[in-house]
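*Asks:* Submitted below is the structure of interest, expressed as C-alpha coordinates.
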Amino acid sequence: MKALSITKRIIIQMLNDKRSLALILLAPIFLMTLIYLLLGDSNYKPNLLQYNVGTPLLDEISKQGLTIDGADNIEDGRQKLSNKKADAFLYRSNNEMYLLFESRDSVLTGKVIKEIRNGMNEATGIKAELQTEYLFGSENDSMFDSMGYIMLAIMSFFIIFILAGISFLRERTNQTMERLLLTPVKRWEVILGYTLGFGFFALIESILLLIYVVRVLQMPLKGSVVDMAVIMILLSLAAVCIGAFFSIFSNNEFQVVQFIPIIVIPQIFFSGLITLDTIPLHLGYLSRVMPVYYASDALKSICIRGKSCVDVSADILALIIFIVLFFICNTLLLKKYRSI
(Lines give C-alpha, C1' and ligand atoms only; values in the text may rest on other atoms or scores of the structure.)
Protein backbone atom coordinates (compact mmCIF):
# COMPACT_ATOMS: atom_id res chain seq x y z
CA MET A 1 0.00 0.00 0.00
CA LYS A 2 2.86 2.39 0.75
CA ALA A 3 4.39 1.63 -2.63
CA LEU A 4 1.03 2.24 -4.31
CA SER A 5 0.69 5.56 -2.50
CA ILE A 6 4.09 6.63 -3.81
CA THR A 7 3.11 5.46 -7.29
CA LYS A 8 -0.11 7.47 -7.13
CA ARG A 9 1.74 10.58 -5.99
CA ILE A 10 4.26 10.29 -8.84
CA ILE A 11 1.51 9.83 -11.42
CA ILE A 12 -0.45 12.85 -10.14
CA GLN A 13 2.73 14.91 -10.04
CA MET A 14 3.61 14.00 -13.62
CA LEU A 15 0.06 14.69 -14.82
CA ASN A 16 0.30 18.16 -13.32
CA ASP A 17 3.65 18.77 -15.06
CA LYS A 18 2.59 19.64 -18.59
CA ARG A 19 6.16 20.00 -19.85
CA SER A 20 7.13 16.52 -18.70
CA LEU A 21 4.01 15.07 -20.32
CA ALA A 22 4.87 16.81 -23.57
CA LEU A 23 8.45 15.54 -23.35
CA ILE A 24 7.27 11.97 -22.80
CA LEU A 25 4.39 11.88 -25.25
CA LEU A 26 5.09 14.43 -27.99
CA ALA A 27 8.88 14.87 -28.22
CA PRO A 28 9.57 11.25 -29.36
CA ILE A 29 6.82 11.52 -31.97
CA PHE A 30 8.22 14.84 -33.20
CA LEU A 31 11.77 13.47 -33.45
CA MET A 32 10.77 10.21 -35.16
CA THR A 33 8.65 12.15 -37.64
CA LEU A 34 11.61 14.40 -38.34
CA ILE A 35 13.91 11.39 -38.81
CA TYR A 36 11.37 9.78 -41.15
CA LEU A 37 11.18 12.93 -43.26
CA LEU A 38 14.95 13.45 -43.30
CA LEU A 39 15.81 9.86 -44.18
CA GLY A 40 12.84 9.16 -46.44
CA ASP A 41 12.87 8.78 -50.20
CA SER A 42 14.04 11.90 -51.95
CA ASN A 43 13.16 13.15 -55.42
CA TYR A 44 16.46 15.00 -55.58
CA LYS A 45 18.27 14.49 -58.88
CA PRO A 46 22.04 14.95 -58.59
CA ASN A 47 23.58 17.35 -61.08
CA LEU A 48 26.34 15.63 -63.05
CA LEU A 49 28.96 17.39 -65.15
CA GLN A 50 30.47 15.39 -68.00
CA TYR A 51 33.31 15.70 -70.48
CA ASN A 52 34.22 13.35 -73.32
CA VAL A 53 31.93 10.60 -72.05
CA GLY A 54 30.07 9.63 -75.21
CA THR A 55 26.45 9.96 -76.26
CA PRO A 56 25.33 6.30 -75.81
CA LEU A 57 26.57 6.24 -72.22
CA LEU A 58 25.08 9.66 -71.44
CA ASP A 59 21.70 8.51 -72.72
CA GLU A 60 21.73 5.54 -70.37
CA ILE A 61 22.93 7.60 -67.41
CA SER A 62 20.23 10.22 -67.98
CA LYS A 63 17.62 7.45 -67.75
CA GLN A 64 18.77 6.82 -64.17
CA GLY A 65 17.50 10.25 -63.10
CA LEU A 66 20.62 12.41 -63.09
CA THR A 67 20.65 15.93 -64.48
CA ILE A 68 23.59 16.19 -66.90
CA ASP A 69 25.49 19.32 -67.95
CA GLY A 70 28.61 19.63 -70.05
CA ALA A 71 32.09 20.93 -69.24
CA ASP A 72 34.43 22.52 -71.77
CA ASN A 73 37.40 20.49 -70.55
CA ILE A 74 38.65 18.64 -67.49
CA GLU A 75 39.93 21.78 -65.79
CA ASP A 76 36.64 23.56 -66.42
CA GLY A 77 34.76 20.63 -64.86
CA ARG A 78 37.00 20.62 -61.79
CA GLN A 79 36.52 24.37 -61.38
CA LYS A 80 32.73 24.15 -61.63
CA LEU A 81 32.69 21.29 -59.16
CA SER A 82 34.83 23.32 -56.75
CA ASN A 83 32.37 26.22 -57.07
CA LYS A 84 29.48 23.87 -56.13
CA LYS A 85 27.85 24.10 -59.56
CA ALA A 86 27.53 20.32 -59.72
CA ASP A 87 27.44 17.30 -57.43
CA ALA A 88 29.95 15.26 -59.44
CA PHE A 89 32.10 15.37 -62.57
CA LEU A 90 32.32 12.39 -64.92
CA TYR A 91 35.01 12.41 -67.61
CA ARG A 92 37.00 10.08 -69.82
CA SER A 93 40.78 10.33 -70.04
CA ASN A 94 43.17 7.82 -71.65
CA ASN A 95 40.31 5.36 -72.12
CA GLU A 96 39.64 5.42 -68.38
CA MET A 97 36.40 6.68 -66.83
CA TYR A 98 36.79 8.96 -63.80
CA LEU A 99 34.15 10.22 -61.39
CA LEU A 100 35.20 13.25 -59.37
CA PHE A 101 33.49 14.53 -56.21
CA GLU A 102 34.26 17.62 -54.19
CA SER A 103 34.59 15.66 -50.92
CA ARG A 104 33.33 12.47 -49.34
CA ASP A 105 29.60 12.35 -48.65
CA SER A 106 28.25 8.88 -48.03
CA VAL A 107 24.64 9.65 -49.05
CA LEU A 108 25.22 11.74 -52.17
CA THR A 109 28.33 9.85 -53.29
CA GLY A 110 26.60 6.49 -52.98
CA LYS A 111 23.55 7.72 -54.91
CA VAL A 112 25.60 9.12 -57.81
CA ILE A 113 27.92 6.11 -58.07
CA LYS A 114 25.01 3.67 -58.05
CA GLU A 115 23.13 5.48 -60.81
CA ILE A 116 26.22 5.94 -63.00
CA ARG A 117 27.20 2.28 -62.64
CA ASN A 118 23.66 1.25 -63.58
CA GLY A 119 23.86 3.44 -66.67
CA MET A 120 27.30 2.11 -67.60
CA ASN A 121 26.14 -1.48 -67.21
CA GLU A 122 23.10 -0.82 -69.39
CA ALA A 123 25.29 0.81 -72.04
CA THR A 124 28.06 -1.79 -72.10
CA GLY A 125 26.34 -4.91 -70.88
CA ILE A 126 29.22 -5.54 -68.46
CA LYS A 127 30.27 -4.20 -65.10
CA ALA A 128 32.38 -1.20 -66.02
CA GLU A 129 35.32 0.05 -63.98
CA LEU A 130 34.94 3.52 -62.54
CA GLN A 131 37.78 5.44 -60.91
CA THR A 132 36.50 7.57 -58.02
CA GLU A 133 38.42 10.68 -56.99
CA TYR A 134 37.91 13.66 -54.67
CA LEU A 135 38.94 17.29 -54.98
CA PHE A 136 39.39 17.44 -51.21
CA GLY A 137 40.34 14.34 -49.29
CA SER A 138 40.74 10.82 -50.56
CA GLU A 139 39.11 7.41 -50.65
CA ASN A 140 41.16 6.36 -47.64
CA ASP A 141 39.86 9.10 -45.34
CA SER A 142 38.00 7.80 -42.30
CA MET A 143 34.54 9.01 -41.39
CA PHE A 144 36.13 11.16 -38.69
CA ASP A 145 38.51 12.71 -41.20
CA SER A 146 35.69 13.72 -43.53
CA MET A 147 33.01 14.66 -40.96
CA GLY A 148 34.86 15.40 -37.71
CA TYR A 149 34.28 19.14 -38.12
CA ILE A 150 30.50 18.57 -37.88
CA MET A 151 30.83 16.68 -34.60
CA LEU A 152 33.11 19.43 -33.33
CA ALA A 153 30.38 22.03 -33.88
CA ILE A 154 27.61 19.81 -32.50
CA MET A 155 29.53 18.88 -29.36
CA SER A 156 30.52 22.47 -28.64
CA PHE A 157 26.98 23.81 -29.12
CA PHE A 158 25.39 21.06 -27.02
CA ILE A 159 27.70 21.43 -24.03
CA ILE A 160 27.61 25.23 -24.00
CA PHE A 161 23.82 25.35 -24.43
CA ILE A 162 23.42 23.21 -21.30
CA LEU A 163 26.12 25.15 -19.41
CA ALA A 164 24.60 28.55 -20.19
CA GLY A 165 21.00 27.46 -19.66
CA ILE A 166 21.56 25.88 -16.25
CA SER A 167 24.00 28.55 -15.04
CA PHE A 168 21.68 31.39 -16.07
CA LEU A 169 18.78 29.59 -14.38
CA ARG A 170 20.72 29.26 -11.11
CA GLU A 171 21.44 32.98 -11.16
CA ARG A 172 17.69 33.51 -11.11
CA THR A 173 16.67 30.80 -8.67
CA ASN A 174 19.39 31.85 -6.21
CA GLN A 175 17.98 35.38 -6.46
CA THR A 176 21.36 36.71 -7.52
CA MET A 177 19.82 38.32 -10.58
CA GLU A 178 16.93 39.70 -8.55
CA ARG A 179 19.33 41.48 -6.19
CA LEU A 180 21.38 42.68 -9.14
CA LEU A 181 18.32 44.19 -10.78
CA LEU A 182 17.65 46.25 -7.65
CA THR A 183 20.73 48.31 -8.54
CA PRO A 184 20.75 51.05 -11.21
CA VAL A 185 22.33 48.66 -13.74
CA LYS A 186 20.61 48.55 -17.15
CA ARG A 187 19.09 45.37 -18.53
CA TRP A 188 21.41 45.19 -21.52
CA GLU A 189 24.39 45.57 -19.18
CA VAL A 190 23.14 42.63 -17.12
CA ILE A 191 22.74 40.43 -20.21
CA LEU A 192 26.07 41.57 -21.62
CA GLY A 193 27.81 40.78 -18.34
CA TYR A 194 26.27 37.31 -18.13
CA THR A 195 26.97 36.64 -21.81
CA LEU A 196 30.63 37.61 -21.50
CA GLY A 197 31.00 35.78 -18.19
CA PHE A 198 29.57 32.49 -19.41
CA GLY A 199 31.12 33.13 -22.81
CA PHE A 200 34.58 33.19 -21.21
CA PHE A 201 34.24 29.58 -20.09
CA ALA A 202 32.54 28.63 -23.34
CA LEU A 203 35.52 30.10 -25.16
CA ILE A 204 37.96 28.05 -23.07
CA GLU A 205 35.92 24.89 -23.70
CA SER A 206 35.79 25.50 -27.46
CA ILE A 207 39.49 26.30 -27.82
CA LEU A 208 40.49 23.31 -25.68
CA LEU A 209 38.26 20.99 -27.71
CA LEU A 210 39.60 22.42 -30.97
CA ILE A 211 43.24 21.99 -29.97
CA TYR A 212 42.59 18.44 -28.78
CA VAL A 213 40.81 17.43 -31.99
CA VAL A 214 43.45 18.96 -34.28
CA ARG A 215 46.64 18.14 -32.35
CA VAL A 216 45.80 14.91 -30.54
CA LEU A 217 43.14 13.26 -32.72
CA GLN A 218 44.88 14.55 -35.87
CA MET A 219 41.78 15.75 -37.67
CA PRO A 220 42.91 16.90 -41.14
CA LEU A 221 43.15 20.68 -41.42
CA LYS A 222 43.91 22.44 -44.69
CA GLY A 223 43.11 25.93 -43.40
CA SER A 224 44.22 27.89 -40.37
CA VAL A 225 43.50 26.81 -36.81
CA VAL A 226 43.04 30.50 -35.98
CA ASP A 227 40.19 30.76 -38.51
CA MET A 228 38.62 27.66 -36.99
CA ALA A 229 38.94 29.24 -33.54
CA VAL A 230 37.05 32.32 -34.74
CA ILE A 231 34.13 30.15 -35.89
CA MET A 232 34.16 28.15 -32.66
CA ILE A 233 34.13 31.33 -30.55
CA LEU A 234 31.16 32.76 -32.49
CA LEU A 235 29.28 29.47 -32.19
CA SER A 236 30.01 29.43 -28.45
CA LEU A 237 28.62 32.94 -27.98
CA ALA A 238 25.54 32.00 -30.00
CA ALA A 239 25.05 28.92 -27.80
CA VAL A 240 25.39 31.04 -24.66
CA CYS A 241 22.74 33.52 -25.86
CA ILE A 242 20.38 30.75 -26.99
CA GLY A 243 20.87 28.79 -23.75
CA ALA A 244 20.18 31.92 -21.69
CA PHE A 245 17.08 32.65 -23.77
CA PHE A 246 15.47 29.26 -23.16
CA SER A 247 16.47 29.25 -19.48
CA ILE A 248 14.12 32.21 -19.01
CA PHE A 249 11.23 29.82 -19.72
CA SER A 250 12.49 27.25 -17.20
CA ASN A 251 11.99 27.00 -13.45
CA ASN A 252 14.52 24.23 -12.76
CA GLU A 253 17.41 22.35 -14.38
CA PHE A 254 15.18 19.56 -15.63
CA GLN A 255 13.08 22.01 -17.61
CA VAL A 256 16.26 23.31 -19.29
CA VAL A 257 17.11 19.74 -20.28
CA GLN A 258 13.60 19.36 -21.72
CA PHE A 259 14.53 21.80 -24.47
CA ILE A 260 17.26 19.47 -25.80
CA PRO A 261 14.95 17.35 -28.02
CA ILE A 262 13.43 20.50 -29.53
CA ILE A 263 16.45 22.79 -29.81
CA VAL A 264 19.64 20.70 -29.89
CA ILE A 265 18.72 17.44 -31.67
CA PRO A 266 17.29 19.13 -34.80
CA GLN A 267 20.56 21.08 -35.00
CA ILE A 268 22.33 17.72 -35.38
CA PHE A 269 20.07 16.62 -38.24
CA PHE A 270 20.49 19.89 -40.13
CA SER A 271 24.20 20.39 -39.47
CA GLY A 272 25.25 18.72 -42.72
CA LEU A 273 25.53 15.26 -41.21
CA ILE A 274 22.76 14.37 -43.66
CA THR A 275 23.15 15.80 -47.16
CA LEU A 276 20.72 18.73 -47.16
CA ASP A 277 20.09 18.60 -50.91
CA THR A 278 18.79 15.04 -50.68
CA ILE A 279 16.29 15.73 -47.87
CA PRO A 280 12.67 15.30 -49.09
CA LEU A 281 10.05 18.07 -49.20
CA HIS A 282 12.77 20.75 -49.30
CA LEU A 283 13.20 20.42 -45.54
CA GLY A 284 16.88 21.19 -46.01
CA TYR A 285 15.93 24.87 -46.03
CA LEU A 286 15.19 24.60 -42.29
CA SER A 287 18.95 24.50 -41.76
CA ARG A 288 19.02 28.24 -42.49
CA VAL A 289 17.55 28.96 -39.05
CA MET A 290 20.06 26.83 -37.16
CA PRO A 291 23.43 28.22 -36.03
CA VAL A 292 25.17 24.82 -36.06
CA TYR A 293 24.57 24.63 -39.82
CA TYR A 294 26.48 27.86 -40.45
CA ALA A 295 29.28 26.86 -38.08
CA SER A 296 29.59 23.43 -39.73
CA ASP A 297 29.57 24.95 -43.21
CA ALA A 298 32.32 27.41 -42.24
CA LEU A 299 34.38 24.72 -40.50
CA LYS A 300 34.07 22.47 -43.57
CA SER A 301 35.35 25.24 -45.84
CA ILE A 302 38.31 25.89 -43.55
CA CYS A 303 39.05 22.26 -42.67
CA ILE A 304 38.40 20.50 -45.96
CA ARG A 305 38.79 23.20 -48.62
CA GLY A 306 41.50 25.32 -46.98
CA LYS A 307 39.44 28.53 -47.04
CA SER A 308 39.83 31.51 -44.68
CA CYS A 309 37.40 33.61 -42.63
CA VAL A 310 37.07 36.00 -45.56
CA ASP A 311 35.75 33.17 -47.74
CA VAL A 312 33.14 32.18 -45.14
CA SER A 313 32.04 35.72 -44.29
CA ALA A 314 28.40 34.84 -45.01
CA ASP A 315 28.46 32.10 -42.36
CA ILE A 316 30.20 34.44 -39.91
CA LEU A 317 27.56 37.12 -40.53
CA ALA A 318 24.79 34.58 -39.88
CA LEU A 319 26.34 33.57 -36.54
CA ILE A 320 26.68 37.23 -35.54
CA ILE A 321 23.01 37.77 -36.38
CA PHE A 322 22.05 34.87 -34.10
CA ILE A 323 24.14 36.37 -31.28
CA VAL A 324 22.65 39.86 -31.66
CA LEU A 325 19.09 38.59 -32.12
CA PHE A 326 19.07 36.43 -28.98
CA PHE A 327 20.97 39.09 -27.01
CA ILE A 328 18.16 41.55 -27.80
CA CYS A 329 15.50 38.96 -26.96
CA ASN A 330 17.16 38.20 -23.62
CA THR A 331 17.30 41.90 -22.80
CA LEU A 332 13.63 42.41 -23.61
CA LEU A 333 12.52 39.32 -21.69
CA LEU A 334 14.38 40.54 -18.62
CA LYS A 335 11.53 43.02 -18.18
CA LYS A 336 9.60 40.27 -16.42
CA TYR A 337 12.04 40.66 -13.51
CA ARG A 338 12.09 44.43 -13.37
CA SER A 339 9.95 47.11 -14.93
CA ILE A 340 11.84 50.14 -16.18
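Ligands are numbered from 1 in the order shown, chains are lettered A, B, ... in the order of the C-alpha coordinates, and residues start at 1 in each chain.
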For the helix (DSSP H, G or I) assignment from backbone DSSP, which residues of segment 17-249 of chain A qualify? Please present them as a count of residues only.

*Replies:* 146

*Asks:* If you run DSSP on the backbone here, which positions in segment 109-223 of chain A get strand (DSSP E)? Please write them as a list in words.

*Replies:*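 Strand (DSSP E) members of segment 109-223 of chain A, listed: Gln131, Thr132, Glu133 and Tyr134 of chain A.
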
*Asks:* Would you mind exporting the chosen residues as a short mmCIF file (atom, residue, chain, number, x, y, z; two decimals), in the first residue's frame, restricted to N, CA, C and O atoms?

*Replies:*
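Listed below is the output, selection29.cif:
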data_model
loop_
_atom_site.label_atom_id
_atom_site.label_comp_id
_atom_site.auth_asym_id
_atom_site.auth_seq_id
_atom_site.Cartn_x
_atom_site.Cartn_y
_atom_site.Cartn_z
N GLN A 131 36.80 4.91 -61.85
CA GLN A 131 37.78 5.44 -60.91
C GLN A 131 37.17 6.63 -60.16
O GLN A 131 36.77 7.61 -60.77
N THR A 132 37.09 6.51 -58.84
CA THR A 132 36.50 7.57 -58.02
C THR A 132 37.59 8.43 -57.40
O THR A 132 38.54 7.91 -56.81
N GLU A 133 37.43 9.75 -57.54
CA GLU A 133 38.42 10.68 -56.99
C GLU A 133 37.70 11.79 -56.23
O GLU A 133 36.48 11.96 -56.36
N TYR A 134 38.47 12.56 -55.45
CA TYR A 134 37.91 13.66 -54.67
C TYR A 134 38.81 14.89 -54.81
O TYR A 134 40.03 14.77 -54.78
#

*Asks:* Could you jot down the atom CA of Val112 of chain A to atom CA of Asn83 of chain A separation for me, Å, one decimal place?

*Replies:*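 Between these atoms lies a distance of 18.4 Å.
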
*Asks:* Which residues of segment 186-259 of chain A sit at most 10 Å from segment 144-162 of chain A, using only C-alpha atoms? Give each one's shortest atom pair and distance in Å (one decimal place), in chain and ascending residue order, as a Markdown table.

*Replies:*
| residue | atom | partner | partner_atom | distance |
| --- | --- | --- | --- | --- |
| A:Phe198 | CA | A:Ile160 | CA | 8.8 |
| A:Gly199 | CA | A:Ile160 | CA | 8.7 |
| A:Phe201 | CA | A:Ile160 | CA | 8.8 |
| A:Ala202 | CA | A:Ile160 | CA | 6.0 |
| A:Leu203 | CA | A:Ile160 | CA | 9.4 |
| A:Glu205 | CA | A:Ser156 | CA | 7.7 |
| A:Ser206 | CA | A:Ser156 | CA | 6.2 |
| A:Ile207 | CA | A:Ser156 | CA | 9.8 |
| A:Leu209 | CA | A:Leu152 | CA | 7.8 |
| A:Leu210 | CA | A:Leu152 | CA | 7.5 |
| A:Val213 | CA | A:Leu152 | CA | 8.1 |
| A:Val214 | CA | A:Gly148 | CA | 9.9 |
| A:Leu217 | CA | A:Phe144 | CA | 9.4 |
| A:Gln218 | CA | A:Asp145 | CA | 8.5 |
| A:Met219 | CA | A:Asp145 | CA | 5.7 |
| A:Pro220 | CA | A:Asp145 | CA | 6.1 |
| A:Leu221 | CA | A:Asp145 | CA | 9.2 |
| A:Met228 | CA | A:Tyr149 | CA | 9.6 |
| A:Ile231 | CA | A:Ala153 | CA | 9.2 |
| A:Met232 | CA | A:Ala153 | CA | 7.3 |
| A:Ile233 | CA | A:Ser156 | CA | 9.8 |
| A:Leu235 | CA | A:Phe157 | CA | 6.8 |
| A:Ser236 | CA | A:Phe157 | CA | 6.4 |
| A:Leu237 | CA | A:Ile160 | CA | 8.7 |
| A:Ala238 | CA | A:Phe157 | CA | 8.4 |
| A:Ala239 | CA | A:Phe161 | CA | 5.1 |
| A:Val240 | CA | A:Phe161 | CA | 5.9 |
| A:Cys241 | CA | A:Phe161 | CA | 8.4 |
| A:Ile242 | CA | A:Phe161 | CA | 6.9 |
| A:Gly243 | CA | A:Phe161 | CA | 4.6 |
| A:Ala244 | CA | A:Phe161 | CA | 8.0 |
| A:Phe245 | CA | A:Phe161 | CA | 10.0 |
| A:Phe246 | CA | A:Phe161 | CA | 9.3 |
| A:Ser247 | CA | A:Ile162 | CA | 9.4 |
| A:Glu253 | CA | A:Ile162 | CA | 9.2 |
| A:Val256 | CA | A:Ile162 | CA | 7.4 |
| A:Val257 | CA | A:Ile162 | CA | 7.3 |
| A:Phe259 | CA | A:Ile162 | CA | 9.5 |

*Asks:* Using only C-alpha atoms, which protein or nucleic acid residues come within 8 Å of Pro261 of chain A? Drop anything in the same chain fewer than 5 positions from it, and give the result as a list in words.

*Replies:* Ala27, Leu31 and Pro266 of chain A

*Asks:* Next, write the just-selected residues to a file, as a tab-separated table (two decimals), in the first residue's frame, keeping all heavy atoms as the atom set.

*Replies:*
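So the final result, stored in result.tsv, reads:
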chain	number	residue	atom	x	y	z
A	27	ALA	N	7.51	14.70	-27.71
A	27	ALA	CA	8.88	14.87	-28.22
A	27	ALA	C	9.35	13.66	-29.03
A	27	ALA	O	9.92	13.82	-30.11
A	27	ALA	CB	9.84	15.16	-27.07
A	31	LEU	N	10.44	13.83	-32.97
A	31	LEU	CA	11.77	13.47	-33.45
A	31	LEU	C	11.72	12.32	-34.45
A	31	LEU	O	12.44	12.35	-35.46
A	31	LEU	CB	12.66	13.08	-32.26
A	31	LEU	CG	13.03	14.24	-31.31
A	31	LEU	CD1	13.84	13.72	-30.13
A	31	LEU	CD2	13.81	15.31	-32.06
A	266	PRO	N	17.46	18.71	-33.40
A	266	PRO	CA	17.29	19.13	-34.80
A	266	PRO	C	18.53	19.80	-35.37
A	266	PRO	O	18.79	19.70	-36.58
A	266	PRO	CB	16.11	20.12	-34.71
A	266	PRO	CG	15.32	19.67	-33.54
A	266	PRO	CD	16.35	19.22	-32.54

*Asks:* Pick from A:Leu163, A:Leu48, A:Leu325, A:Ile74: nearest to Thr109 of chain A, with only C-alpha atoms counted?

*Replies:* A:Leu48
